[in-house]
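J.: The file below is run10.cif, mmCIF, C-alpha atoms:
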data_my_file
#
loop_
_atom_site.group_PDB
_atom_site.id
_atom_site.type_symbol
_atom_site.label_atom_id
_atom_site.label_comp_id
_atom_site.auth_asym_id
_atom_site.auth_seq_id
_atom_site.Cartn_x
_atom_site.Cartn_y
_atom_site.Cartn_z
ATOM 1 C CA MET X 1287 119.822 73.840 79.116
ATOM 2 C CA ASN X 1288 117.228 73.381 81.822
ATOM 3 C CA HIS X 1289 114.293 72.589 79.615
ATOM 4 C CA PRO X 1290 112.852 69.794 81.756
ATOM 5 C CA SER X 1291 112.912 71.940 84.904
ATOM 6 C CA GLU X 1292 111.506 74.956 83.088
ATOM 7 C CA ARG X 1293 108.705 72.814 81.833
ATOM 8 C CA ARG X 1294 108.117 71.619 85.347
ATOM 9 C CA LEU X 1295 107.824 75.149 86.709
ATOM 10 C CA GLY X 1296 105.210 75.651 84.007
ATOM 11 C CA THR X 1297 103.493 72.470 85.201
ATOM 12 C CA TYR X 1298 103.325 73.721 88.781
ATOM 13 C CA LEU X 1299 102.104 77.172 87.728
ATOM 14 C CA ASN X 1300 99.419 75.684 85.453
ATOM 15 C CA GLY X 1301 98.309 73.396 88.270
ATOM 16 C CA PHE X 1302 98.273 76.290 90.698
ATOM 17 C CA ALA X 1303 96.208 78.470 88.352
ATOM 18 C CA LEU X 1304 93.681 75.661 87.792
ATOM 19 C CA ALA X 1305 93.522 74.986 91.545
ATOM 20 C CA VAL X 1306 92.895 78.687 92.291
ATOM 21 C CA VAL X 1307 90.028 78.796 89.773
ATOM 22 C CA LEU X 1308 88.523 75.531 91.059
ATOM 23 C CA THR X 1309 88.741 76.815 94.660
ATOM 24 C CA ALA X 1310 87.386 80.263 93.819
ATOM 25 C CA ILE X 1311 84.275 78.949 92.019
ATOM 26 C CA PRO X 1312 82.662 77.197 95.029
ATOM 27 C CA PHE X 1313 83.834 79.841 97.541
ATOM 28 C CA ILE X 1314 82.400 82.727 95.483
ATOM 29 C CA ALA X 1315 79.219 80.779 94.741
ATOM 30 C CA VAL X 1316 78.668 80.211 98.476
ATOM 31 C CA MET X 1317 79.772 83.699 99.630
ATOM 32 C CA THR X 1318 77.553 85.564 97.163
ATOM 33 C CA GLY X 1319 74.683 83.107 97.407
ATOM 34 C CA ALA X 1320 74.505 83.186 93.602
ATOM 35 C CA ILE X 1321 73.616 79.492 93.422
ATOM 36 C CA THR X 1322 71.232 77.864 95.888
ATOM 37 C CA GLY X 1323 69.519 74.586 96.613
ATOM 38 C CA PHE X 1324 70.756 71.290 95.259
ATOM 39 C CA ALA X 1325 72.796 72.957 92.482
ATOM 40 C CA ILE X 1326 75.324 74.396 94.932
ATOM 41 C CA TYR X 1327 76.162 70.914 96.245
ATOM 42 C CA VAL X 1328 76.741 69.746 92.678
ATOM 43 C CA VAL X 1329 79.030 72.737 92.005
ATOM 44 C CA ILE X 1330 81.032 72.103 95.210
ATOM 45 C CA ALA X 1331 81.338 68.357 94.530
ATOM 46 C CA VAL X 1332 82.338 68.693 90.868
ATOM 47 C CA CYS X 1333 84.939 71.405 91.620
ATOM 48 C CA ALA X 1334 86.377 69.314 94.491
ATOM 49 C CA VAL X 1335 86.707 66.134 92.437
ATOM 50 C CA VAL X 1336 88.263 67.980 89.480
ATOM 51 C CA GLN X 1337 90.658 69.807 91.828
ATOM 52 C CA VAL X 1338 91.784 66.527 93.423
ATOM 53 C CA VAL X 1339 92.618 65.228 89.937
ATOM 54 C CA VAL X 1340 94.429 68.513 89.111
ATOM 55 C CA HIS X 1341 96.550 68.161 92.273
ATOM 56 C CA LEU X 1342 97.333 64.511 91.526
ATOM 57 C CA VAL X 1343 98.432 65.296 87.973
ATOM 58 C CA PHE X 1344 100.211 68.653 88.374
ATOM 59 C CA PHE X 1345 101.641 68.427 91.922
ATOM 60 C CA LEU X 1346 102.048 64.681 92.555
ATOM 61 C CA HIS X 1347 102.939 64.025 88.891
ATOM 62 C CA ILE X 1348 100.636 61.038 88.506
ATOM 63 C CA ASP X 1349 100.215 60.020 84.902
ATOM 64 C CA LEU X 1350 99.463 56.784 83.146
ATOM 65 C CA LYS X 1351 102.853 56.531 81.401
ATOM 66 C CA SER X 1352 105.679 57.412 83.817
ATOM 67 C CA THR X 1353 104.124 56.545 87.196
ATOM 68 C CA PRO X 1354 105.038 52.962 88.217
ATOM 69 C CA GLY X 1355 102.173 50.519 87.761
ATOM 70 C CA GLU X 1356 102.242 49.476 91.430
ATOM 71 C CA ASN X 1357 101.639 53.069 92.516
ATOM 72 C CA LEU X 1358 98.683 53.427 90.173
ATOM 73 C CA PHE X 1359 97.347 50.090 91.378
ATOM 74 C CA PHE X 1360 97.474 51.252 95.005
ATOM 75 C CA LEU X 1361 95.855 54.559 94.102
ATOM 76 C CA GLY X 1362 93.031 52.672 92.407
ATOM 77 C CA PHE X 1363 92.761 50.177 95.272
ATOM 78 C CA ALA X 1364 92.556 53.007 97.825
ATOM 79 C CA GLY X 1365 89.889 54.601 95.628
ATOM 80 C CA VAL X 1366 87.818 51.406 95.629
ATOM 81 C CA LEU X 1367 88.182 50.977 99.410
ATOM 82 C CA ILE X 1368 87.217 54.603 100.036
ATOM 83 C CA PHE X 1369 84.207 54.272 97.737
ATOM 84 C CA LEU X 1370 83.023 51.072 99.481
ATOM 85 C CA MET X 1371 83.594 52.245 103.044
ATOM 86 C CA VAL X 1372 82.382 55.846 102.705
ATOM 87 C CA GLY X 1373 79.545 54.946 100.338
ATOM 88 C CA GLY X 1374 78.525 51.983 102.475
ATOM 89 C CA SER X 1375 78.647 53.936 105.755
ATOM 90 C CA LEU X 1376 76.560 56.771 104.359
ATOM 91 C CA TRP X 1377 74.076 54.398 102.716
ATOM 92 C CA ILE X 1378 73.505 52.501 105.972
ATOM 93 C CA MET X 1379 73.356 55.577 108.209
ATOM 94 C CA ILE X 1380 71.049 57.590 105.921
ATOM 95 C CA ASP X 1381 68.749 54.581 105.514
ATOM 96 C CA LEU X 1382 68.684 54.131 109.297
ATOM 97 C CA HIS X 1383 67.962 57.831 109.742
ATOM 98 C CA HIS X 1384 64.927 57.604 107.425
ATOM 99 C CA ARG X 1385 63.576 54.539 109.213
ATOM 100 C CA MET X 1386 63.876 56.155 112.637
ATOM 101 C CA THR X 1387 61.993 59.338 111.749
ATOM 102 C CA MET G 301 137.049 47.964 85.856
ATOM 103 C CA SER G 302 138.852 47.165 89.111
ATOM 104 C CA VAL G 303 137.224 45.254 91.922
ATOM 105 C CA SER G 304 136.602 48.308 94.092
ATOM 106 C CA GLU G 305 135.025 50.202 91.183
ATOM 107 C CA LEU G 306 132.732 47.277 90.612
ATOM 108 C CA ASP G 307 131.848 47.301 94.313
ATOM 109 C CA HIS G 308 130.986 50.966 94.106
ATOM 110 C CA ALA G 309 128.795 50.417 91.078
ATOM 111 C CA LEU G 310 126.992 47.581 92.863
ATOM 112 C CA LEU G 311 126.557 49.693 95.997
ATOM 113 C CA ALA G 312 125.124 52.589 93.968
ATOM 114 C CA GLU G 313 122.690 50.198 92.315
ATOM 115 C CA GLU G 314 121.648 48.772 95.696
ATOM 116 C CA GLU G 315 121.150 52.293 97.045
ATOM 117 C CA GLU G 316 119.000 53.195 94.055
ATOM 118 C CA LYS G 317 116.840 50.096 94.570
ATOM 119 C CA SER G 318 116.466 50.751 98.275
ATOM 120 C CA LEU G 319 115.391 54.366 97.666
ATOM 121 C CA GLU G 320 112.879 53.251 95.029
ATOM 122 C CA ALA G 321 111.461 50.733 97.492
ATOM 123 C CA ARG G 322 111.131 53.470 100.103
ATOM 124 C CA GLU G 323 109.315 55.723 97.675
ATOM 125 C CA PHE G 324 106.840 52.925 96.935
ATOM 126 C CA GLY G 325 106.452 52.198 100.658
ATOM 127 C CA PHE G 326 105.734 55.853 101.303
ATOM 128 C CA TRP G 327 103.111 55.850 98.555
ATOM 129 C CA VAL G 328 101.405 52.860 100.225
ATOM 130 C CA TYR G 329 101.446 54.785 103.525
ATOM 131 C CA LEU G 330 99.858 57.827 101.828
ATOM 132 C CA MET G 331 97.068 55.692 100.371
ATOM 133 C CA THR G 332 96.297 54.154 103.779
ATOM 134 C CA ASP G 333 96.320 57.658 105.272
ATOM 135 C CA ALA G 334 93.821 58.681 102.591
ATOM 136 C CA ILE G 335 91.565 55.832 103.786
ATOM 137 C CA ILE G 336 91.790 57.097 107.391
ATOM 138 C CA PHE G 337 90.777 60.575 106.269
ATOM 139 C CA ALA G 338 87.965 59.204 104.080
ATOM 140 C CA LEU G 339 86.485 57.442 107.134
ATOM 141 C CA LEU G 340 86.807 60.592 109.244
ATOM 142 C CA PHE G 341 84.926 62.412 106.459
ATOM 143 C CA ALA G 342 82.213 59.737 106.489
ATOM 144 C CA THR G 343 81.944 60.069 110.287
ATOM 145 C CA TYR G 344 81.642 63.837 109.968
ATOM 146 C CA VAL G 345 78.897 63.638 107.334
ATOM 147 C CA VAL G 346 76.925 61.164 109.508
ATOM 148 C CA MET G 347 77.343 63.371 112.605
ATOM 149 C CA VAL G 348 76.910 66.813 111.061
ATOM 150 C CA ASP G 349 73.239 67.232 112.073
ATOM 151 C CA ASN G 350 73.695 65.803 115.571
ATOM 152 C CA ILE G 351 74.266 69.142 117.271
ATOM 153 C CA ALA G 352 72.647 68.104 120.599
ATOM 154 C CA ALA G 353 71.284 71.621 121.285
ATOM 155 C CA GLY G 354 74.805 72.990 120.835
ATOM 156 C CA PRO G 355 75.881 75.375 118.080
ATOM 157 C CA ALA G 356 75.577 74.344 114.410
ATOM 158 C CA GLY G 357 78.268 74.883 111.798
ATOM 159 C CA LYS G 358 76.721 78.102 110.540
ATOM 160 C CA ALA G 359 77.170 79.733 113.950
ATOM 161 C CA VAL G 360 80.794 78.741 114.508
ATOM 162 C CA PHE G 361 82.455 78.649 111.057
ATOM 163 C CA ASP G 362 83.854 81.740 109.342
ATOM 164 C CA ILE G 363 84.141 81.260 105.582
ATOM 165 C CA ASN G 364 86.669 84.102 105.164
ATOM 166 C CA HIS G 365 88.922 82.450 107.730
ATOM 167 C CA ALA G 366 88.643 79.143 105.839
ATOM 168 C CA ALA G 367 89.366 80.914 102.528
ATOM 169 C CA ILE G 368 92.622 82.385 103.886
ATOM 170 C CA GLU G 369 93.649 78.997 105.309
ATOM 171 C CA THR G 370 92.965 77.473 101.868
ATOM 172 C CA ALA G 371 95.091 80.141 100.165
ATOM 173 C CA LEU G 372 98.024 79.585 102.576
ATOM 174 C CA LEU G 373 98.020 75.819 102.048
ATOM 175 C CA LEU G 374 97.664 76.060 98.263
ATOM 176 C CA LEU G 375 100.508 78.609 98.046
ATOM 177 C CA SER G 376 102.721 76.385 100.188
ATOM 178 C CA SER G 377 102.058 73.514 97.770
ATOM 179 C CA LEU G 378 103.287 75.743 94.916
ATOM 180 C CA THR G 379 106.389 76.911 96.820
ATOM 181 C CA PHE G 380 107.245 73.304 97.736
ATOM 182 C CA GLY G 381 106.993 72.540 94.012
ATOM 183 C CA VAL G 382 109.495 75.343 93.321
ATOM 184 C CA ALA G 383 111.819 73.796 95.944
ATOM 185 C CA THR G 384 111.472 70.450 94.113
ATOM 186 C CA ILE G 385 112.515 72.154 90.847
ATOM 187 C CA ALA G 386 115.568 73.680 92.587
ATOM 188 C CA LEU G 387 116.358 70.159 93.825
ATOM 189 C CA GLY G 388 116.285 68.899 90.224
ATOM 190 C CA GLU G 389 118.653 71.707 89.215
ATOM 191 C CA GLY G 390 121.015 70.872 92.091
ATOM 192 C CA ARG G 391 120.818 74.302 93.761
ATOM 193 C CA PRO G 392 120.832 73.717 97.543
ATOM 194 C CA GLN G 393 120.469 77.380 98.549
ATOM 195 C CA ARG G 394 117.316 77.793 96.492
ATOM 196 C CA VAL G 395 115.970 74.524 97.909
ATOM 197 C CA VAL G 396 116.474 75.845 101.456
ATOM 198 C CA LEU G 397 114.958 79.235 100.557
ATOM 199 C CA TRP G 398 111.769 77.750 99.080
ATOM 200 C CA LEU G 399 111.493 75.204 101.883
ATOM 201 C CA LEU G 400 111.615 78.108 104.340
ATOM 202 C CA VAL G 401 108.812 79.874 102.423
ATOM 203 C CA SER G 402 106.737 76.653 102.451
ATOM 204 C CA LEU G 403 107.408 76.248 106.166
ATOM 205 C CA ALA G 404 106.333 79.832 106.878
ATOM 206 C CA LEU G 405 103.082 79.321 104.941
ATOM 207 C CA GLY G 406 102.474 76.008 106.734
ATOM 208 C CA LEU G 407 103.047 77.610 110.132
ATOM 209 C CA GLY G 408 100.728 80.472 109.147
ATOM 210 C CA PHE G 409 98.043 77.886 108.346
ATOM 211 C CA LEU G 410 98.588 76.163 111.698
ATOM 212 C CA ALA G 411 98.426 79.489 113.578
ATOM 213 C CA MET G 412 95.070 80.262 111.933
ATOM 214 C CA GLU G 413 93.760 76.802 112.758
ATOM 215 C CA VAL G 414 94.808 77.093 116.421
ATOM 216 C CA MET G 415 93.122 80.531 116.562
ATOM 217 C CA GLU G 416 89.947 79.053 115.082
ATOM 218 C CA PHE G 417 89.906 76.114 117.528
ATOM 219 C CA ALA G 418 90.650 78.356 120.533
ATOM 220 C CA GLY G 419 87.931 80.801 119.470
ATOM 221 C CA MET G 420 85.376 78.008 119.054
ATOM 222 C CA ILE G 421 86.183 76.492 122.451
ATOM 223 C CA ALA G 422 85.968 79.933 124.086
ATOM 224 C CA GLU G 423 82.479 80.354 122.538
ATOM 225 C CA GLY G 424 81.416 77.050 124.081
ATOM 226 C CA ALA G 425 81.776 75.001 120.880
ATOM 227 C CA SER G 426 84.196 72.467 122.345
ATOM 228 C CA PRO G 427 84.582 68.850 121.131
ATOM 229 C CA GLN G 428 82.514 67.317 123.972
ATOM 230 C CA GLU G 429 79.515 69.567 123.188
ATOM 231 C CA SER G 430 77.973 67.404 120.428
ATOM 232 C CA GLY G 431 78.610 64.612 117.965
ATOM 233 C CA PHE G 432 78.980 67.214 115.241
ATOM 234 C CA LEU G 433 81.724 69.066 117.111
ATOM 235 C CA SER G 434 83.523 65.844 118.107
ATOM 236 C CA ALA G 435 83.615 64.781 114.461
ATOM 237 C CA PHE G 436 84.694 68.257 113.343
ATOM 238 C CA PHE G 437 87.616 68.497 115.782
ATOM 239 C CA THR G 438 88.699 64.918 115.008
ATOM 240 C CA LEU G 439 88.709 65.437 111.231
ATOM 241 C CA VAL G 440 90.193 68.934 111.042
ATOM 242 C CA GLY G 441 92.486 68.292 114.036
ATOM 243 C CA THR G 442 93.919 65.147 112.413
ATOM 244 C CA HIS G 443 94.685 67.173 109.303
ATOM 245 C CA GLY G 444 96.290 69.893 111.449
ATOM 246 C CA LEU G 445 98.391 67.254 113.200
ATOM 247 C CA HIS G 446 99.608 66.037 109.801
ATOM 248 C CA VAL G 447 100.540 69.600 108.820
ATOM 249 C CA THR G 448 102.426 69.891 112.128
ATOM 250 C CA PHE G 449 104.448 66.757 111.369
ATOM 251 C CA GLY G 450 104.985 67.970 107.782
ATOM 252 C CA SER G 451 106.369 71.250 109.158
ATOM 253 C CA ILE G 452 108.734 69.338 111.453
ATOM 254 C CA GLY G 453 109.735 67.304 108.378
ATOM 255 C CA ILE G 454 110.504 70.496 106.431
ATOM 256 C CA LEU G 455 112.657 71.756 109.330
ATOM 257 C CA VAL G 456 114.574 68.457 109.414
ATOM 258 C CA MET G 457 115.082 68.520 105.630
ATOM 259 C CA ILE G 458 116.340 72.138 105.736
ATOM 260 C CA GLY G 459 118.918 70.941 108.268
ATOM 261 C CA GLN G 460 119.863 67.937 106.126
ATOM 262 C CA VAL G 461 120.221 69.976 102.920
ATOM 263 C CA MET G 462 122.425 72.492 104.753
ATOM 264 C CA THR G 463 124.665 69.908 106.450
ATOM 265 C CA LYS G 464 124.727 67.026 103.946
ATOM 266 C CA GLY G 465 124.009 68.797 100.682
ATOM 267 C CA LEU G 466 121.790 67.382 97.943
ATOM 268 C CA THR G 467 122.953 63.758 98.179
ATOM 269 C CA LYS G 468 120.809 60.962 96.767
ATOM 270 C CA PRO G 469 119.248 59.924 100.101
ATOM 271 C CA VAL G 470 118.512 63.567 100.984
ATOM 272 C CA ALA G 471 116.914 64.149 97.571
ATOM 273 C CA SER G 472 114.818 61.002 98.010
ATOM 274 C CA ARG G 473 113.609 62.085 101.469
ATOM 275 C CA LEU G 474 112.782 65.540 100.154
ATOM 276 C CA THR G 475 110.761 64.016 97.298
ATOM 277 C CA ARG G 476 108.820 61.871 99.766
ATOM 278 C CA LEU G 477 108.176 64.866 102.030
ATOM 279 C CA GLY G 478 106.910 66.702 98.939
ATOM 280 C CA LEU G 479 104.432 63.895 98.243
ATOM 281 C CA PHE G 480 103.223 64.175 101.857
ATOM 282 C CA TRP G 481 102.876 67.973 101.676
ATOM 283 C CA HIS G 482 100.919 67.904 98.388
ATOM 284 C CA PHE G 483 98.771 65.060 99.765
ATOM 285 C CA LEU G 484 97.773 67.241 102.753
ATOM 286 C CA ASP G 485 96.595 69.917 100.344
ATOM 287 C CA ILE G 486 94.368 67.322 98.653
ATOM 288 C CA VAL G 487 92.836 66.392 102.027
ATOM 289 C CA TRP G 488 92.182 70.094 102.639
ATOM 290 C CA ILE G 489 90.140 70.294 99.387
ATOM 291 C CA GLY G 490 87.867 67.707 100.995
ATOM 292 C CA ILE G 491 87.717 69.664 104.249
ATOM 293 C CA PHE G 492 86.632 72.977 102.753
ATOM 294 C CA SER G 493 84.214 71.224 100.366
ATOM 295 C CA VAL G 494 82.602 68.946 102.965
ATOM 296 C CA VAL G 495 82.965 70.911 106.230
ATOM 297 C CA TYR G 496 83.100 74.673 105.636
ATOM 298 C CA LEU G 497 81.246 75.424 102.387
ATOM 299 C CA PRO G 498 78.047 73.372 103.010
ATOM 300 C CA SER G 499 77.762 74.576 106.629
ATOM 301 C CA VAL G 500 77.799 78.312 106.056
ATOM 302 C CA MET G 501 74.981 78.362 103.503
#
Spell out the structure here as structure tokens.

T.:
Amino acid sequence: MNHPSERRLGTYLNGFALAVVLTAIPFIAVMTGAITGFAIYVVIAVCAVVQVVVHLVFFLHIDLKSTPGENLFFLGFAGVLIFLMVGGSLWIMIDLHHRMT
Amino acid sequence: MSVSELDHALLAEEEEKSLEAREFGFWVYLMTDAIIFALLFATYVVMVDNIAAGPAGKAVFDINHAAIETALLLLSSLTFGVATIALGEGRPQRVVLWLLVSLALGLGFLAMEVMEFAGMIAEGASPQESGFLSAFFTLVGTHGLHVTFGSIGILVMIGQVMTKGLTKPVASRLTRLGLFWHFLDIVWIGIFSVVYLPSVM
């Protein structure tokens, strides 16, 4: 009877399991000191970005078919704004930092 | 179909449209909130080395504490999801039960955050100490404030489900609150990845 809802519990549990793994990887890597130097930043960044996507898909139910186009448009627009403002701020401030030292 | 039946059908359609519009409006709000957080993250990254002879992150952050906070928030996202499923099945008691579990986990997170802040301030790592600490308290405090309002929202929705039942407007509000709650968990991914993990190495 409740196939859609059963499937959705599965969705949440799958998302949760993926999120736990993607959280555990950077935490364990940092706690044990197994990975050092530049590589650890790459591990943290990749796990974070993948986990954000996992949360969007499994918890917020964003997908390209059923989510209204306007919502996807705003998500993309926010992404572009964040990229420009965060990227731009860091670019300017890091450049300034190098010039002042 | 009589006139009054037609009226009811029209009213139901209007209600549906209005709730859809609210859901879209709430999504727009969430995206703008994401931009606020992104800029607080950028501020933090710019300020992180400006410790002004005060303590650095390594001295004041406890990674185990952050790991438990992460676990509480992630679990509460799952339990809110279970409440959403109960909502789809039309079982108000289960909705209330899982909302209570989510609320408890959220309050546990907030208690840990307050303990962390109080401990830092007692050690002399207060927001006015350095640019780094100002940025830290602004970013993590803003997230904590959101979790506080989310917890108040859960309390209100528990009251509404108990008094009004799972009517369409209540279900719509609960769905929007769910979006907010899951969104806060996404912001927290950024916080442990940008604030806690890089600082304790």

J.: Using Å and a single decimal, report how far atom CA of G:Ser434 sits from atom CA of G:Ala352.

T.: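 Rounded to one decimal, the two atoms are 11.4 Å apart.
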
J.: Leaving out X:Ile1326 and any residue of its chain fewer than 4 positions from it, which residues lie within 9 Å of it when counting only C-alpha atoms, given as a list of chain:residue names?

T.: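 Listing them by chain and then by number gives X:Pro1312, X:Ala1315, X:Val1316, X:Ala1320, X:Ile1321, X:Thr1322, X:Ile1330, X:Ala1331, G:Pro498.
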
J.: Grab the atom CA of X:Ala1303 to atom CA of G:Ala471 distance for me, in Å with one decimal place.

T.: 26.8 Å

J.: Kindly determine which residues of chain X lie within 7 Å of chain G, considering all atoms listed in the file, and give the answer as a list in words.

T.: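 My answer is Ser1291, Leu1295, Tyr1298, Phe1302, Val1316, Ile1330, Ala1334, Val1338, His1341, Phe1345, Leu1346, Asn1357, Phe1360, Leu1361, Ala1364, Ile1368, Val1372, Ser1375, Leu1376 and Met1379 of chain X.
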
J.: For the selection you just gave me, I'd like the residues written to a file as a compact mmCIF listing (two decimals), in the coordinates of the input, keeping C-alpha atoms.

T.:
# COMPACT_ATOMS: atom_id res chain seq x y z
CA SER X 1291 112.91 71.94 84.90
CA LEU X 1295 107.82 75.15 86.71
CA TYR X 1298 103.32 73.72 88.78
CA PHE X 1302 98.27 76.29 90.70
CA VAL X 1316 78.67 80.21 98.48
CA ILE X 1330 81.03 72.10 95.21
CA ALA X 1334 86.38 69.31 94.49
CA VAL X 1338 91.78 66.53 93.42
CA HIS X 1341 96.55 68.16 92.27
CA PHE X 1345 101.64 68.43 91.92
CA LEU X 1346 102.05 64.68 92.56
CA ASN X 1357 101.64 53.07 92.52
CA PHE X 1360 97.47 51.25 95.00
CA LEU X 1361 95.86 54.56 94.10
CA ALA X 1364 92.56 53.01 97.82
CA ILE X 1368 87.22 54.60 100.04
CA VAL X 1372 82.38 55.85 102.70
CA SER X 1375 78.65 53.94 105.76
CA LEU X 1376 76.56 56.77 104.36
CA MET X 1379 73.36 55.58 108.21

J.: Given the file shown, determine the residues that the PyMOL selection byres ((chain G and resi 353) around 12) selects; report them as a list in words.

T.: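 Matching residues under the PyMOL selection byres ((chain G and resi 353) around 12) are Asp349, Asn350, Ile351, Ala352, Gly354, Pro355, Ala356, Gly424, Ala425, Glu429, Ser430, Gly431, Phe432 and Leu433 of chain G.
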
J.: Can you list, as a PyMOL selection string, the residues that the PyMOL selection byres ((chain G and resi 398) around 8) selects here?

T.: chain G and resi 379-380+382-383+394-397+399-402

J.: In Å, with one decimal, what is the gap from atom CA of G:Leu484 to atom CA of X:Glu1356?

T.: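 According to the coordinates, atom CA of G:Leu484 and atom CA of X:Glu1356 are separated by 21.5 Å.
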
J.: Given all atoms listed in the file as the basis, pick out the residue of G:Arg391, G:Lys464, G:Arg476, G:His365 nearest to G:Phe417.

T.: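 Checking each of G:Arg391, G:Lys464, G:Arg476, G:His365 against G:Phe417, counting all atoms listed in the file, the winner is G:His365.
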
J.: Have a look at G:Met415, G:Phe361, G:Ser376, G:Ile454 and name the one nearest to G:Val470; count all atoms listed in the file.

T.: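 For G:Val470, the nearest of the given residues is G:Ile454.
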
J.: Can you spell out as a list in words the set of residues that the PyMOL selection byres ((chain G and resi 452) around 12) selects in the structure I just provided?

T.: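 Output from the PyMOL selection byres ((chain G and resi 452) around 12), applied to this file: Leu399, Leu400, Ser402, Leu403, Ala404, Gly406, Leu407, Leu445, His446, Val447, Thr448, Phe449, Gly450, Ser451, Gly453, Ile454, Leu455, Val456, Met457, Ile458, Gly459, Leu477 and Trp481 of chain G.
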
J.: Place a sphere of radius 12 Å on (87.5, 78.5, 119.6) in the file coordinates and name every protein, DNA or RNA residue with an atom inside or on its surface, counting all atoms listed in the file; give the answer as an NGL selection string.

T.: :G and (359-362 or 412-427 or 433 or 437)
